[in-house]
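Content type mmCIF, C-alpha atoms and all ligand atoms, from the file target19.cif:
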```cif
data_my_file
loop_
_atom_site.group_PDB
_atom_site.id
_atom_site.type_symbol
_atom_site.label_atom_id
_atom_site.label_comp_id
_atom_site.auth_asym_id
_atom_site.auth_seq_id
_atom_site.Cartn_x
_atom_site.Cartn_y
_atom_site.Cartn_z
ATOM 1 C CA MET A 26 -12.641 -14.030 1.604
ATOM 2 C CA LYS A 27 -9.213 -15.721 1.854
ATOM 3 C CA VAL A 28 -6.562 -13.006 2.017
ATOM 4 C CA ALA A 29 -2.757 -12.949 1.995
ATOM 5 C CA PHE A 30 -1.864 -9.693 3.785
ATOM 6 C CA LEU A 31 1.552 -7.992 3.684
ATOM 7 C CA GLY A 32 1.867 -5.152 6.198
ATOM 8 C CA ALA A 33 -0.732 -5.815 8.915
ATOM 9 C CA THR A 34 1.628 -5.059 11.816
ATOM 10 C CA LYS A 35 1.146 -1.284 11.873
ATOM 11 C CA GLY A 36 -0.796 1.749 10.704
ATOM 12 C CA MET A 37 -3.353 1.460 7.927
ATOM 13 C CA GLY A 38 -2.521 -2.213 7.352
ATOM 14 C CA ARG A 39 -3.315 -3.083 10.958
ATOM 15 C CA ALA A 40 -6.615 -1.175 10.808
ATOM 16 C CA LEU A 41 -7.634 -2.846 7.533
ATOM 17 C CA ALA A 42 -6.645 -6.332 8.741
ATOM 18 C CA ARG A 43 -8.716 -5.832 11.911
ATOM 19 C CA LEU A 44 -11.763 -4.798 9.879
ATOM 20 C CA MET A 45 -11.397 -7.766 7.527
ATOM 21 C CA ALA A 46 -10.981 -10.261 10.387
ATOM 22 C CA GLU A 47 -13.928 -8.757 12.283
ATOM 23 C CA ARG A 48 -16.283 -9.350 9.359
ATOM 24 C CA GLY A 49 -15.108 -12.941 8.932
ATOM 25 C CA ASP A 50 -12.387 -12.823 6.275
ATOM 26 C CA THR A 51 -9.607 -15.389 6.773
ATOM 27 C CA LEU A 52 -6.183 -13.774 6.767
ATOM 28 C CA PHE A 53 -2.684 -15.137 6.304
ATOM 29 C CA LEU A 54 -0.148 -12.618 7.596
ATOM 30 C CA LEU A 55 3.090 -11.830 5.773
ATOM 31 C CA GLY A 56 5.829 -9.585 7.142
ATOM 32 C CA ARG A 57 9.485 -9.264 7.929
ATOM 33 C CA ASP A 58 9.377 -9.973 11.671
ATOM 34 C CA LEU A 59 7.734 -13.252 12.750
ATOM 35 C CA ALA A 60 7.372 -12.145 16.385
ATOM 36 C CA ASP A 61 5.483 -9.033 15.219
ATOM 37 C CA LEU A 62 3.270 -11.189 12.999
ATOM 38 C CA GLU A 63 2.449 -13.481 15.943
ATOM 39 C CA LYS A 64 1.560 -10.387 17.991
ATOM 40 C CA SER A 65 -0.709 -9.130 15.196
ATOM 41 C CA GLY A 66 -2.288 -12.587 15.024
ATOM 42 C CA ARG A 67 -3.095 -12.466 18.760
ATOM 43 C CA ASP A 68 -4.566 -8.977 18.293
ATOM 44 C CA LEU A 69 -6.861 -10.252 15.509
ATOM 45 C CA LEU A 70 -7.897 -13.256 17.610
ATOM 46 C CA ALA A 71 -8.786 -11.010 20.560
ATOM 47 C CA ARG A 72 -10.778 -8.593 18.388
ATOM 48 C CA ALA A 73 -12.456 -10.891 15.891
ATOM 49 C CA GLY A 74 -12.523 -14.192 17.783
ATOM 50 C CA LYS A 75 -10.619 -15.623 14.840
ATOM 51 C CA GLY A 76 -6.849 -15.592 14.417
ATOM 52 C CA PRO A 77 -5.007 -15.765 11.100
ATOM 53 C CA ALA A 78 -4.658 -19.047 9.198
ATOM 54 C CA GLY A 79 -0.893 -18.674 9.565
ATOM 55 C CA THR A 80 2.101 -16.408 9.142
ATOM 56 C CA ALA A 81 5.181 -16.448 6.913
ATOM 57 C CA PRO A 82 8.287 -14.302 6.538
ATOM 58 C CA CYS A 83 8.184 -11.837 3.657
ATOM 59 C CA ASP A 84 10.560 -8.889 3.453
ATOM 60 C CA LEU A 85 10.151 -6.342 0.659
ATOM 61 C CA GLU A 86 13.940 -5.904 0.710
ATOM 62 C CA GLN A 87 14.388 -9.603 -0.126
ATOM 63 C CA PRO A 88 12.573 -10.754 -3.279
ATOM 64 C CA ALA A 89 13.620 -14.370 -2.621
ATOM 65 C CA THR A 90 11.049 -14.421 0.214
ATOM 66 C CA PHE A 91 8.076 -13.515 -2.033
ATOM 67 C CA ALA A 92 7.243 -16.801 -3.764
ATOM 68 C CA PRO A 93 7.665 -19.018 -0.661
ATOM 69 C CA ALA A 94 5.528 -16.602 1.383
ATOM 70 C CA LEU A 95 2.677 -16.632 -1.144
ATOM 71 C CA ASP A 96 2.989 -20.406 -1.565
ATOM 72 C CA ALA A 97 2.605 -20.809 2.206
ATOM 73 C CA ALA A 98 -0.425 -18.514 2.202
ATOM 74 C CA GLU A 99 -2.061 -20.396 -0.667
ATOM 75 C CA ALA A 100 -1.453 -23.758 0.986
ATOM 76 C CA ALA A 101 -2.767 -22.680 4.393
ATOM 77 C CA LEU A 102 -5.826 -20.883 2.993
ATOM 78 C CA GLY A 103 -6.594 -23.468 0.304
ATOM 79 C CA GLY A 104 -6.437 -20.806 -2.451
ATOM 80 C CA LEU A 105 -6.377 -17.018 -2.502
ATOM 81 C CA ASP A 106 -9.256 -14.604 -3.129
ATOM 82 C CA ALA A 107 -7.224 -11.488 -2.443
ATOM 83 C CA VAL A 108 -3.717 -10.221 -1.825
ATOM 84 C CA VAL A 109 -3.326 -6.951 0.084
ATOM 85 C CA VAL A 110 -0.075 -4.951 0.261
ATOM 86 C CA THR A 111 0.028 -2.071 2.711
ATOM 87 C CA ALA A 112 3.761 -2.404 3.476
ATOM 88 C CA GLY A 113 5.939 0.508 2.436
ATOM 89 C CA LEU A 114 8.819 2.737 3.457
ATOM 90 C CA PHE A 115 8.936 6.510 3.849
ATOM 91 C CA ALA A 116 11.785 8.951 4.372
ATOM 92 C CA SER A 117 11.920 12.702 3.929
ATOM 93 C CA GLN A 118 13.284 14.292 0.777
ATOM 94 C CA GLU A 119 16.186 15.725 2.815
ATOM 95 C CA GLU A 120 17.143 12.302 4.247
ATOM 96 C CA LEU A 121 16.941 10.683 0.812
ATOM 97 C CA GLU A 122 19.072 13.359 -0.830
ATOM 98 C CA ARG A 123 21.690 12.878 1.911
ATOM 99 C CA ASP A 124 21.714 9.080 2.158
ATOM 100 C CA THR A 125 22.094 7.172 -1.121
ATOM 101 C CA GLU A 126 21.789 3.759 0.545
ATOM 102 C CA LEU A 127 18.477 4.721 2.165
ATOM 103 C CA LEU A 128 17.330 6.003 -1.238
ATOM 104 C CA ARG A 129 18.267 2.714 -2.912
ATOM 105 C CA ARG A 130 16.305 0.788 -0.255
ATOM 106 C CA LEU A 131 13.243 3.025 -0.527
ATOM 107 C CA LEU A 132 13.110 2.837 -4.333
ATOM 108 C CA ALA A 133 13.332 -0.960 -4.100
ATOM 109 C CA VAL A 134 10.746 -1.379 -1.318
ATOM 110 C CA ASP A 135 8.209 1.110 -2.686
ATOM 111 C CA PHE A 136 8.609 0.380 -6.380
ATOM 112 C CA SER A 137 10.652 -2.422 -7.930
ATOM 113 C CA HIS A 138 10.278 -5.008 -5.155
ATOM 114 C CA THR A 139 6.594 -4.228 -4.620
ATOM 115 C CA VAL A 140 6.117 -4.795 -8.357
ATOM 116 C CA LEU A 141 8.010 -8.114 -8.122
ATOM 117 C CA PHE A 142 5.797 -9.159 -5.196
ATOM 118 C CA CYS A 143 2.659 -8.138 -7.103
ATOM 119 C CA GLU A 144 3.781 -10.150 -10.129
ATOM 120 C CA GLU A 145 3.991 -13.266 -7.931
ATOM 121 C CA ALA A 146 0.541 -12.476 -6.531
ATOM 122 C CA ARG A 147 -0.952 -11.674 -9.943
ATOM 123 C CA LYS A 148 0.158 -15.017 -11.428
ATOM 124 C CA ARG A 149 -1.334 -16.963 -8.531
ATOM 125 C CA LEU A 150 -4.641 -15.065 -8.627
ATOM 126 C CA LEU A 151 -4.981 -15.422 -12.424
ATOM 127 C CA LEU A 152 -4.262 -19.153 -12.253
ATOM 128 C CA ARG A 153 -7.402 -19.609 -10.172
ATOM 129 C CA GLY A 154 -9.531 -17.361 -12.407
ATOM 130 C CA GLY A 155 -8.886 -13.982 -10.789
ATOM 131 C CA GLY A 156 -9.319 -12.217 -7.469
ATOM 132 C CA THR A 157 -8.389 -8.900 -5.900
ATOM 133 C CA LEU A 158 -4.951 -7.314 -5.709
ATOM 134 C CA CYS A 159 -5.131 -4.291 -3.401
ATOM 135 C CA VAL A 160 -1.946 -2.227 -3.093
ATOM 136 C CA PHE A 161 -1.214 0.999 -1.215
ATOM 137 C CA SER A 162 0.445 3.613 -3.408
ATOM 138 C CA SER A 163 0.170 7.326 -2.502
ATOM 139 C CA VAL A 164 -1.078 10.725 -3.581
ATOM 140 C CA ALA A 165 2.656 11.534 -3.608
ATOM 141 C CA GLY A 166 2.805 9.835 -7.021
ATOM 142 C CA GLU A 167 0.169 12.094 -8.609
ATOM 143 C CA ARG A 168 2.374 15.038 -9.567
ATOM 144 C CA GLY A 169 6.095 15.824 -9.340
ATOM 145 C CA ARG A 170 6.288 17.701 -6.028
ATOM 146 C CA LYS A 171 9.229 19.323 -4.226
ATOM 147 C CA PRO A 172 8.781 17.652 -0.780
ATOM 148 C CA VAL A 173 8.513 14.116 -2.252
ATOM 149 C CA VAL A 174 10.686 14.099 -5.390
ATOM 150 C CA LEU A 175 12.064 10.589 -4.695
ATOM 151 C CA TYR A 176 9.341 8.860 -2.628
ATOM 152 C CA GLY A 177 6.814 10.319 -5.094
ATOM 153 C CA ALA A 178 8.727 8.934 -8.061
ATOM 154 C CA ALA A 179 8.601 5.405 -6.586
ATOM 155 C CA LYS A 180 4.877 5.682 -5.871
ATOM 156 C CA ALA A 181 4.190 7.163 -9.332
ATOM 157 C CA GLY A 182 5.813 4.100 -10.910
ATOM 158 C CA LEU A 183 3.785 1.796 -8.676
ATOM 159 C CA THR A 184 0.545 3.615 -9.530
ATOM 160 C CA ARG A 185 1.183 3.298 -13.270
ATOM 161 C CA TYR A 186 1.989 -0.409 -12.938
ATOM 162 C CA LEU A 187 -1.282 -1.030 -11.055
ATOM 163 C CA GLU A 188 -3.256 1.000 -13.587
ATOM 164 C CA ALA A 189 -1.831 -1.048 -16.453
ATOM 165 C CA LEU A 190 -2.514 -4.343 -14.631
ATOM 166 C CA ASP A 191 -6.129 -3.283 -14.334
ATOM 167 C CA HIS A 192 -6.295 -2.458 -18.045
ATOM 168 C CA LYS A 193 -4.683 -5.727 -19.075
ATOM 169 C CA TYR A 194 -6.216 -8.284 -16.716
ATOM 170 C CA ARG A 195 -9.624 -7.007 -15.548
ATOM 171 C CA SER A 196 -11.293 -9.028 -18.310
ATOM 172 C CA GLN A 197 -9.602 -12.163 -16.919
ATOM 173 C CA GLY A 198 -11.034 -11.563 -13.433
ATOM 174 C CA LEU A 199 -8.153 -9.702 -11.761
ATOM 175 C CA ARG A 200 -9.529 -6.730 -9.810
ATOM 176 C CA THR A 201 -6.687 -4.313 -9.094
ATOM 177 C CA VAL A 202 -7.333 -1.754 -6.356
ATOM 178 C CA CYS A 203 -4.785 1.066 -6.130
ATOM 179 C CA VAL A 204 -5.117 2.938 -2.833
ATOM 180 C CA LYS A 205 -3.893 6.528 -2.757
ATOM 181 C CA PRO A 206 -3.798 7.709 0.831
ATOM 182 C CA GLY A 207 -3.342 11.372 1.579
ATOM 183 C CA PHE A 208 -1.683 12.265 4.870
ATOM 184 C CA VAL A 209 -2.723 9.679 7.487
ATOM 185 C CA ARG A 210 -1.596 9.654 11.130
ATOM 186 C CA THR A 211 0.471 6.469 11.521
ATOM 187 C CA SER A 212 3.974 5.561 12.676
ATOM 188 C CA MET A 213 5.129 6.506 9.163
ATOM 189 C CA THR A 214 4.099 10.127 9.628
ATOM 190 C CA ALA A 215 4.914 10.414 13.356
ATOM 191 C CA GLY A 216 6.767 13.673 13.957
ATOM 192 C CA LEU A 217 5.537 15.304 10.726
ATOM 193 C CA GLN A 218 3.243 18.340 10.884
ATOM 194 C CA PRO A 219 -0.221 17.060 9.811
ATOM 195 C CA PRO A 220 -1.700 19.133 6.964
ATOM 196 C CA PRO A 221 -5.427 19.968 6.777
ATOM 197 C CA PHE A 222 -7.498 16.871 5.856
ATOM 198 C CA ALA A 223 -5.138 14.472 7.693
ATOM 199 C CA GLY A 224 -6.869 11.126 8.228
ATOM 200 C CA GLU A 225 -6.886 8.262 10.737
ATOM 201 C CA PRO A 226 -6.062 4.624 9.839
ATOM 202 C CA GLU A 227 -9.497 3.347 10.904
ATOM 203 C CA GLY A 228 -11.334 5.741 8.549
ATOM 204 C CA VAL A 229 -9.007 4.829 5.694
ATOM 205 C CA ALA A 230 -9.582 1.126 6.366
ATOM 206 C CA ARG A 231 -13.367 1.522 6.045
ATOM 207 C CA VAL A 232 -13.009 3.353 2.709
ATOM 208 C CA VAL A 233 -10.529 0.788 1.379
ATOM 209 C CA LEU A 234 -12.631 -2.213 2.371
ATOM 210 C CA LYS A 235 -15.597 -0.795 0.445
ATOM 211 C CA ALA A 236 -13.326 -0.271 -2.574
ATOM 212 C CA ILE A 237 -12.085 -3.870 -2.329
ATOM 213 C CA ASP A 238 -15.651 -5.169 -2.224
ATOM 214 C CA ARG A 239 -16.609 -3.057 -5.250
ATOM 215 C CA GLY A 240 -13.382 -3.796 -7.136
ATOM 216 C CA GLN A 241 -12.804 -0.035 -7.472
ATOM 217 C CA PRO A 242 -9.563 0.451 -9.452
ATOM 218 C CA VAL A 243 -8.482 3.678 -7.690
ATOM 219 C CA VAL A 244 -9.449 4.920 -4.251
ATOM 220 C CA TYR A 245 -8.374 8.087 -2.429
ATOM 221 C CA ALA A 246 -8.431 7.901 1.356
ATOM 222 C CA PRO A 247 -9.610 9.965 3.124
ATOM 223 C CA PRO A 248 -11.870 10.696 0.108
ATOM 224 C CA ILE A 249 -11.346 14.491 0.305
ATOM 225 C CA TRP A 250 -7.857 13.865 -1.148
ATOM 226 C CA ALA A 251 -9.468 13.112 -4.523
ATOM 227 C CA LEU A 252 -10.499 16.794 -4.697
ATOM 228 C CA VAL A 253 -7.185 18.069 -3.346
ATOM 229 C CA MET A 254 -5.253 16.112 -5.972
ATOM 230 C CA LEU A 255 -7.669 17.120 -8.735
ATOM 231 C CA ALA A 256 -6.697 20.715 -8.038
ATOM 232 C CA ILE A 257 -2.984 19.857 -7.838
ATOM 233 C CA ARG A 258 -3.108 17.962 -11.149
ATOM 234 C CA TRP A 259 -4.465 21.055 -12.881
ATOM 235 C CA LEU A 260 -1.897 23.500 -11.483
ATOM 236 C CA PRO A 261 0.418 24.825 -14.175
ATOM 237 C CA ARG A 262 4.130 24.009 -13.965
ATOM 238 C CA ALA A 263 4.986 27.616 -13.134
ATOM 239 C CA ALA A 264 2.733 27.409 -10.070
ATOM 240 C CA MET A 265 4.230 24.043 -9.017
ATOM 241 C CA ARG A 266 7.678 25.673 -9.106
ATOM 242 C CA ARG A 267 6.502 28.415 -6.743
ATOM 243 C CA ILE A 268 4.497 26.485 -4.110
ATOM 244 C CA ARG A 269 5.994 24.298 -1.381
ATOM 245 C CA PHE A 270 3.272 21.557 -1.487
HETATM 246 N N1 LIG B 1 0.717 7.456 6.388
HETATM 247 C C1 LIG B 1 0.567 8.223 5.317
HETATM 248 O O1 LIG B 1 0.311 9.438 5.429
HETATM 249 C C2 LIG B 1 0.673 7.645 3.933
HETATM 250 C C3 LIG B 1 0.354 8.480 2.854
HETATM 251 C C4 LIG B 1 0.417 7.971 1.559
HETATM 252 C C5 LIG B 1 0.763 6.652 1.349
HETATM 253 N N2 LIG B 1 1.084 5.857 2.403
HETATM 254 C C6 LIG B 1 1.422 4.465 2.107
HETATM 255 O O2 LIG B 1 0.478 3.627 2.740
HETATM 256 C C7 LIG B 1 1.104 2.397 3.144
HETATM 257 C C8 LIG B 1 0.890 2.172 4.638
HETATM 258 O O3 LIG B 1 1.461 3.262 5.334
HETATM 259 P P1 LIG B 1 1.351 3.430 6.931
HETATM 260 O O4 LIG B 1 1.344 4.888 7.174
HETATM 261 O O5 LIG B 1 0.246 2.579 7.468
HETATM 262 O O6 LIG B 1 2.779 2.868 7.358
HETATM 263 P P2 LIG B 1 3.361 2.249 8.728
HETATM 264 O O7 LIG B 1 2.457 2.506 9.866
HETATM 265 O O8 LIG B 1 4.774 2.749 8.807
HETATM 266 O O9 LIG B 1 3.376 0.692 8.392
HETATM 267 C C9 LIG B 1 4.211 0.245 7.371
HETATM 268 C C10 LIG B 1 4.081 -1.242 7.248
HETATM 269 O O10 LIG B 1 5.012 -1.653 6.227
HETATM 270 C C11 LIG B 1 5.770 -2.736 6.731
HETATM 271 N N3 LIG B 1 7.089 -2.773 6.114
HETATM 272 C C12 LIG B 1 7.993 -1.785 6.031
HETATM 273 N N4 LIG B 1 9.098 -2.210 5.399
HETATM 274 C C13 LIG B 1 8.870 -3.508 5.078
HETATM 275 C C14 LIG B 1 9.637 -4.502 4.425
HETATM 276 N N5 LIG B 1 10.877 -4.279 3.976
HETATM 277 N N6 LIG B 1 9.101 -5.731 4.255
HETATM 278 C C15 LIG B 1 7.857 -5.992 4.708
HETATM 279 N N7 LIG B 1 7.088 -5.103 5.344
HETATM 280 C C16 LIG B 1 7.596 -3.870 5.529
HETATM 281 C C17 LIG B 1 5.862 -2.465 8.225
HETATM 282 O O11 LIG B 1 6.243 -3.660 8.885
HETATM 283 P P3 LIG B 1 7.152 -3.671 10.237
HETATM 284 O O12 LIG B 1 6.187 -3.799 11.359
HETATM 285 O O13 LIG B 1 8.026 -4.852 10.039
HETATM 286 O O14 LIG B 1 7.911 -2.364 10.267
HETATM 287 C C18 LIG B 1 4.445 -2.012 8.506
HETATM 288 O O15 LIG B 1 3.581 -3.101 8.665
HETATM 289 C C19 LIG B 1 2.570 2.527 2.712
HETATM 290 O O16 LIG B 1 2.742 1.947 1.456
HETATM 291 C C20 LIG B 1 2.775 4.035 2.605
HETATM 292 O O17 LIG B 1 3.818 4.353 1.693
HETATM 293 C C21 LIG B 1 1.054 6.330 3.692
#
```
As structure tokens, the full file:
Amino acid sequence: MKVAFLGATKGMGRALARLMAERGDTLFLLGRDLADLEKSGRDLLARAGKGPAGTAPCDLEQPATFAPALDAAEAALGGLDAVVVTAGLFASQEELERDTELLRRLLAVDFSHTVLFCEEARKRLLLRGGGTLCVFSSVAGERGRKPVVLYGAAKAGLTRYLEALDHKYRSQGLRTVCVKPGFVRTSMTAGLQPPPFAGEPEGVARVVLKAIDRGQPVVYAPPIWALVMLAIRWLPRAAMRRIRF
């Protein structure tokens, strides 16, 4: 599979990119720091015996970088079978309530700019008859929750967008895969107290790769989070007001 990959430098993205390269997929790495991308490329070469087809700058804070980055990926790969977006930004509810500029950046990176990037990817995939668009959202978007009022709102918007893409374009060959990680130990969650059922990036990557291959529209990772969120979705509002989750 020929894959444009945004976010392979760290965490779940790095684990998923390694797994894809190891099984023979050809990756083109997108990210905001070219030196980091080169380092990730060397890591993939060492692990899979096959480095990426190239790298290009793509910063979710700068929408002007999106089209050139995907054009470069398409040219180097000779077409795209899949676009994967694991890049995202997290900050605590307290930080976001305090810092309006950080809030503006997070809402852009996790919602509006990710949607703009996906629109560029969607058009390119549809032009060649379809493909897979796999994007990391979050369980934080499942229900309005006190600890993630703002981050959760961005991810809820992203989840709805991906759901609607799947409804509208599946018949034209676009397979949208919305990944909803629960708590996973990565640099994003460093310093936070892991809840029960916390996962590791490598386990998440295995679950996500299966979902990509099946074209599964929604995937919880680790899978136990599907049950956790089922329970949370059913909790009455009065209970949501009382609990801290
Ligand atoms: N970890 C969790 O518990 C958890 C739970 C639910 C959902 N998620 C979501 O899952 C995804 C992956 O999370 P993770 O934990 O693996 O995160 P991570 O380890 O912090 O990695 C985040 C990735 O996003 C990239 N990135 C950040 N800002 C960017 C920007 N402006 N432009 C381009 N790339 C940017 C980073 O690139 P640099 O190397 O340049 O920083 C890095 O590759 C995110 O969307 C996150 O919101 C995570």
Please, which residues in chain A fall within 7 Å of ligand LIG 1 (chain B) when counting only C-alpha atoms and all ligand atoms, and what is the closest atom pair and distance in Å to one decimal for each, ordered by chain then residue number, as a Markdown table?
```
| residue | atom | partner | partner_atom | distance |
| --- | --- | --- | --- | --- |
| A:Leu31 | CA | B:LIG1 | N7 | 6.5 |
| A:Gly32 | CA | B:LIG1 | O15 | 3.6 |
| A:Ala33 | CA | B:LIG1 | O15 | 5.1 |
| A:Thr34 | CA | B:LIG1 | O15 | 4.2 |
| A:Lys35 | CA | B:LIG1 | O15 | 4.4 |
| A:Gly36 | CA | B:LIG1 | O7 | 3.4 |
| A:Met37 | CA | B:LIG1 | O5 | 3.8 |
| A:Gly38 | CA | B:LIG1 | O5 | 5.5 |
| A:Gly56 | CA | B:LIG1 | C15 | 4.8 |
| A:Arg57 | CA | B:LIG1 | C15 | 4.9 |
| A:Asp58 | CA | B:LIG1 | O13 | 5.5 |
| A:Asp61 | CA | B:LIG1 | O12 | 6.5 |
| A:Cys83 | CA | B:LIG1 | C15 | 5.9 |
| A:Asp84 | CA | B:LIG1 | N6 | 3.6 |
| A:Leu85 | CA | B:LIG1 | N6 | 3.8 |
| A:Glu86 | CA | B:LIG1 | N5 | 4.8 |
| A:Thr111 | CA | B:LIG1 | C7 | 4.6 |
| A:Ala112 | CA | B:LIG1 | O10 | 3.1 |
| A:Gly113 | CA | B:LIG1 | O16 | 3.6 |
| A:Leu114 | CA | B:LIG1 | C12 | 5.3 |
| A:Phe115 | CA | B:LIG1 | O17 | 6.0 |
| A:Val134 | CA | B:LIG1 | N5 | 6.0 |
| A:Asp135 | CA | B:LIG1 | O16 | 6.9 |
| A:Phe161 | CA | B:LIG1 | O16 | 4.9 |
| A:Ser162 | CA | B:LIG1 | O16 | 5.6 |
| A:Ser163 | CA | B:LIG1 | C5 | 4.0 |
| A:Val164 | CA | B:LIG1 | C4 | 6.0 |
| A:Ala165 | CA | B:LIG1 | C4 | 6.7 |
| A:Lys205 | CA | B:LIG1 | C5 | 6.2 |
| A:Pro206 | CA | B:LIG1 | C4 | 4.3 |
| A:Gly207 | CA | B:LIG1 | C3 | 4.9 |
| A:Phe208 | CA | B:LIG1 | O1 | 3.5 |
| A:Val209 | CA | B:LIG1 | O1 | 3.7 |
| A:Arg210 | CA | B:LIG1 | N1 | 5.7 |
| A:Thr211 | CA | B:LIG1 | O4 | 4.7 |
| A:Ser212 | CA | B:LIG1 | O7 | 4.4 |
| A:Met213 | CA | B:LIG1 | O8 | 3.8 |
| A:Thr214 | CA | B:LIG1 | N1 | 5.4 |
```
Closest-contact table, segment 143-197 of chain A side, partner segment 237-250 of chain A, 9 Å, counting all atoms listed in the file, as JSON lines:
```
{"residue": "A:Thr157", "atom": "CA", "partner": "A:Ile237", "partner_atom": "CA", "distance": 7.2}
{"residue": "A:Leu158", "atom": "CA", "partner": "A:Ile237", "partner_atom": "CA", "distance": 8.6}
{"residue": "A:Cys159", "atom": "CA", "partner": "A:Ile237", "partner_atom": "CA", "distance": 7.0}
{"residue": "A:Ser163", "atom": "CA", "partner": "A:Tyr245", "partner_atom": "CA", "distance": 8.6}
{"residue": "A:Val164", "atom": "CA", "partner": "A:Tyr245", "partner_atom": "CA", "distance": 7.8}
{"residue": "A:Leu187", "atom": "CA", "partner": "A:Pro242", "partner_atom": "CA", "distance": 8.6}
{"residue": "A:Glu188", "atom": "CA", "partner": "A:Pro242", "partner_atom": "CA", "distance": 7.6}
{"residue": "A:Asp191", "atom": "CA", "partner": "A:Pro242", "partner_atom": "CA", "distance": 7.0}
```
- Message: Around (12.5, 1.9, -6.4), as given in the file, which residues come within 12 Å? Count all atoms listed in the file and list them as a ChimeraX atom specification.
- Response: /A:85-86,113-115,126-141,175-183
Taking C-alpha atoms for each residue, export the selection above as a PDB file, in the frame of the given file.
```pdb
ATOM      1  CA  LEU A  85      10.151  -6.342   0.659  1.00  0.00           C
ATOM      2  CA  GLU A  86      13.940  -5.904   0.710  1.00  0.00           C
ATOM      3  CA  GLY A 113       5.939   0.508   2.436  1.00  0.00           C
ATOM      4  CA  LEU A 114       8.819   2.737   3.457  1.00  0.00           C
ATOM      5  CA  PHE A 115       8.936   6.510   3.849  1.00  0.00           C
ATOM      6  CA  GLU A 126      21.789   3.759   0.545  1.00  0.00           C
ATOM      7  CA  LEU A 127      18.477   4.721   2.165  1.00  0.00           C
ATOM      8  CA  LEU A 128      17.330   6.003  -1.238  1.00  0.00           C
ATOM      9  CA  ARG A 129      18.267   2.714  -2.912  1.00  0.00           C
ATOM     10  CA  ARG A 130      16.305   0.788  -0.255  1.00  0.00           C
ATOM     11  CA  LEU A 131      13.243   3.025  -0.527  1.00  0.00           C
ATOM     12  CA  LEU A 132      13.110   2.837  -4.333  1.00  0.00           C
ATOM     13  CA  ALA A 133      13.332  -0.960  -4.100  1.00  0.00           C
ATOM     14  CA  VAL A 134      10.746  -1.379  -1.318  1.00  0.00           C
ATOM     15  CA  ASP A 135       8.209   1.110  -2.686  1.00  0.00           C
ATOM     16  CA  PHE A 136       8.609   0.380  -6.380  1.00  0.00           C
ATOM     17  CA  SER A 137      10.652  -2.422  -7.930  1.00  0.00           C
ATOM     18  CA  HIS A 138      10.278  -5.008  -5.155  1.00  0.00           C
ATOM     19  CA  THR A 139       6.594  -4.228  -4.620  1.00  0.00           C
ATOM     20  CA  VAL A 140       6.117  -4.795  -8.357  1.00  0.00           C
ATOM     21  CA  LEU A 141       8.010  -8.114  -8.122  1.00  0.00           C
ATOM     22  CA  LEU A 175      12.064  10.589  -4.695  1.00  0.00           C
ATOM     23  CA  TYR A 176       9.341   8.860  -2.628  1.00  0.00           C
ATOM     24  CA  GLY A 177       6.814  10.319  -5.094  1.00  0.00           C
ATOM     25  CA  ALA A 178       8.727   8.934  -8.061  1.00  0.00           C
ATOM     26  CA  ALA A 179       8.601   5.405  -6.586  1.00  0.00           C
ATOM     27  CA  LYS A 180       4.877   5.682  -5.871  1.00  0.00           C
ATOM     28  CA  ALA A 181       4.190   7.163  -9.332  1.00  0.00           C
ATOM     29  CA  GLY A 182       5.813   4.100 -10.910  1.00  0.00           C
ATOM     30  CA  LEU A 183       3.785   1.796  -8.676  1.00  0.00           C
TER      31      LEU A 183
END
```
- Message: Rounded to one decimal, what separation in Å do you get between atom CA of Ala263 of chain A and atom CA of Glu122 of chain A?
- Response: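 Between atom CA of Ala263 of chain A and atom CA of Glu122 of chain A the gap is 23.5 Å.
Of the listed residues (A:Pro221, A:Ala230, A:Arg170, A:Arg267), A:Ala230 comes nearest to Met45 of chain A; the distances count only C-alpha atoms.
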- Quick one: residues within 12 Å of (-5.4, -16.5, 14.9) (file frame), counting only C-alpha atoms, please, as a VMD selection string. chain A and resid 42 to 43 46 to 47 49 to 54 62 to 80
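The shortest atom-to-atom distance to Glu144 of chain A, with only C-alpha atoms taken into account, belongs to A:Ala92 out of A:Ala92, A:His192, A:Val109, A:Arg168.
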- For the structure shown, which residues end up in the PyMOL selection byres (((chain A and resi 148) around 12) and not hetatm)? Put them as a ChimeraX atom specification, please? /A:92,95-96,105,108,141-147,149-158,190,194,197-199
Suppose a student applies the PyMOL selection byres (((chain A and resi 171) around 9) and not hetatm) to this structure; what residues should they get, written as a tab-separated table (two decimals) with C-alpha atoms, in the coordinates of the input?
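File part.tsv, as written:
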```
chain	number	residue	atom	x	y	z
A	118	GLN	CA	13.28	14.29	0.78
A	169	GLY	CA	6.10	15.82	-9.34
A	170	ARG	CA	6.29	17.70	-6.03
A	172	PRO	CA	8.78	17.65	-0.78
A	173	VAL	CA	8.51	14.12	-2.25
A	174	VAL	CA	10.69	14.10	-5.39
A	265	MET	CA	4.23	24.04	-9.02
A	266	ARG	CA	7.68	25.67	-9.11
A	268	ILE	CA	4.50	26.48	-4.11
A	269	ARG	CA	5.99	24.30	-1.38
A	270	PHE	CA	3.27	21.56	-1.49
```
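Shortest atom-to-atom contact with Arg200 of chain A among A:Ala107, A:Leu252, A:Leu59, A:Leu44: A:Ala107, counting all atoms listed in the file.
Atom CA of Val160 of chain A lies 13.4 Å from atom CA of Ala189 of chain A.
The gap separating atom CA of Lys27 of chain A from atom CA of Gly104 of chain A is 7.2 Å, in Å to one decimal.
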- Task: Go through A:Ala236, A:Gln218, A:Val229, A:Arg185 and flag the residue nearest Val202 of chain A, using all atoms listed in the file for the distances.
- Result: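 Of A:Ala236, A:Gln218, A:Val229, A:Arg185, the one nearest Val202 of chain A is A:Ala236, counting all atoms listed in the file.
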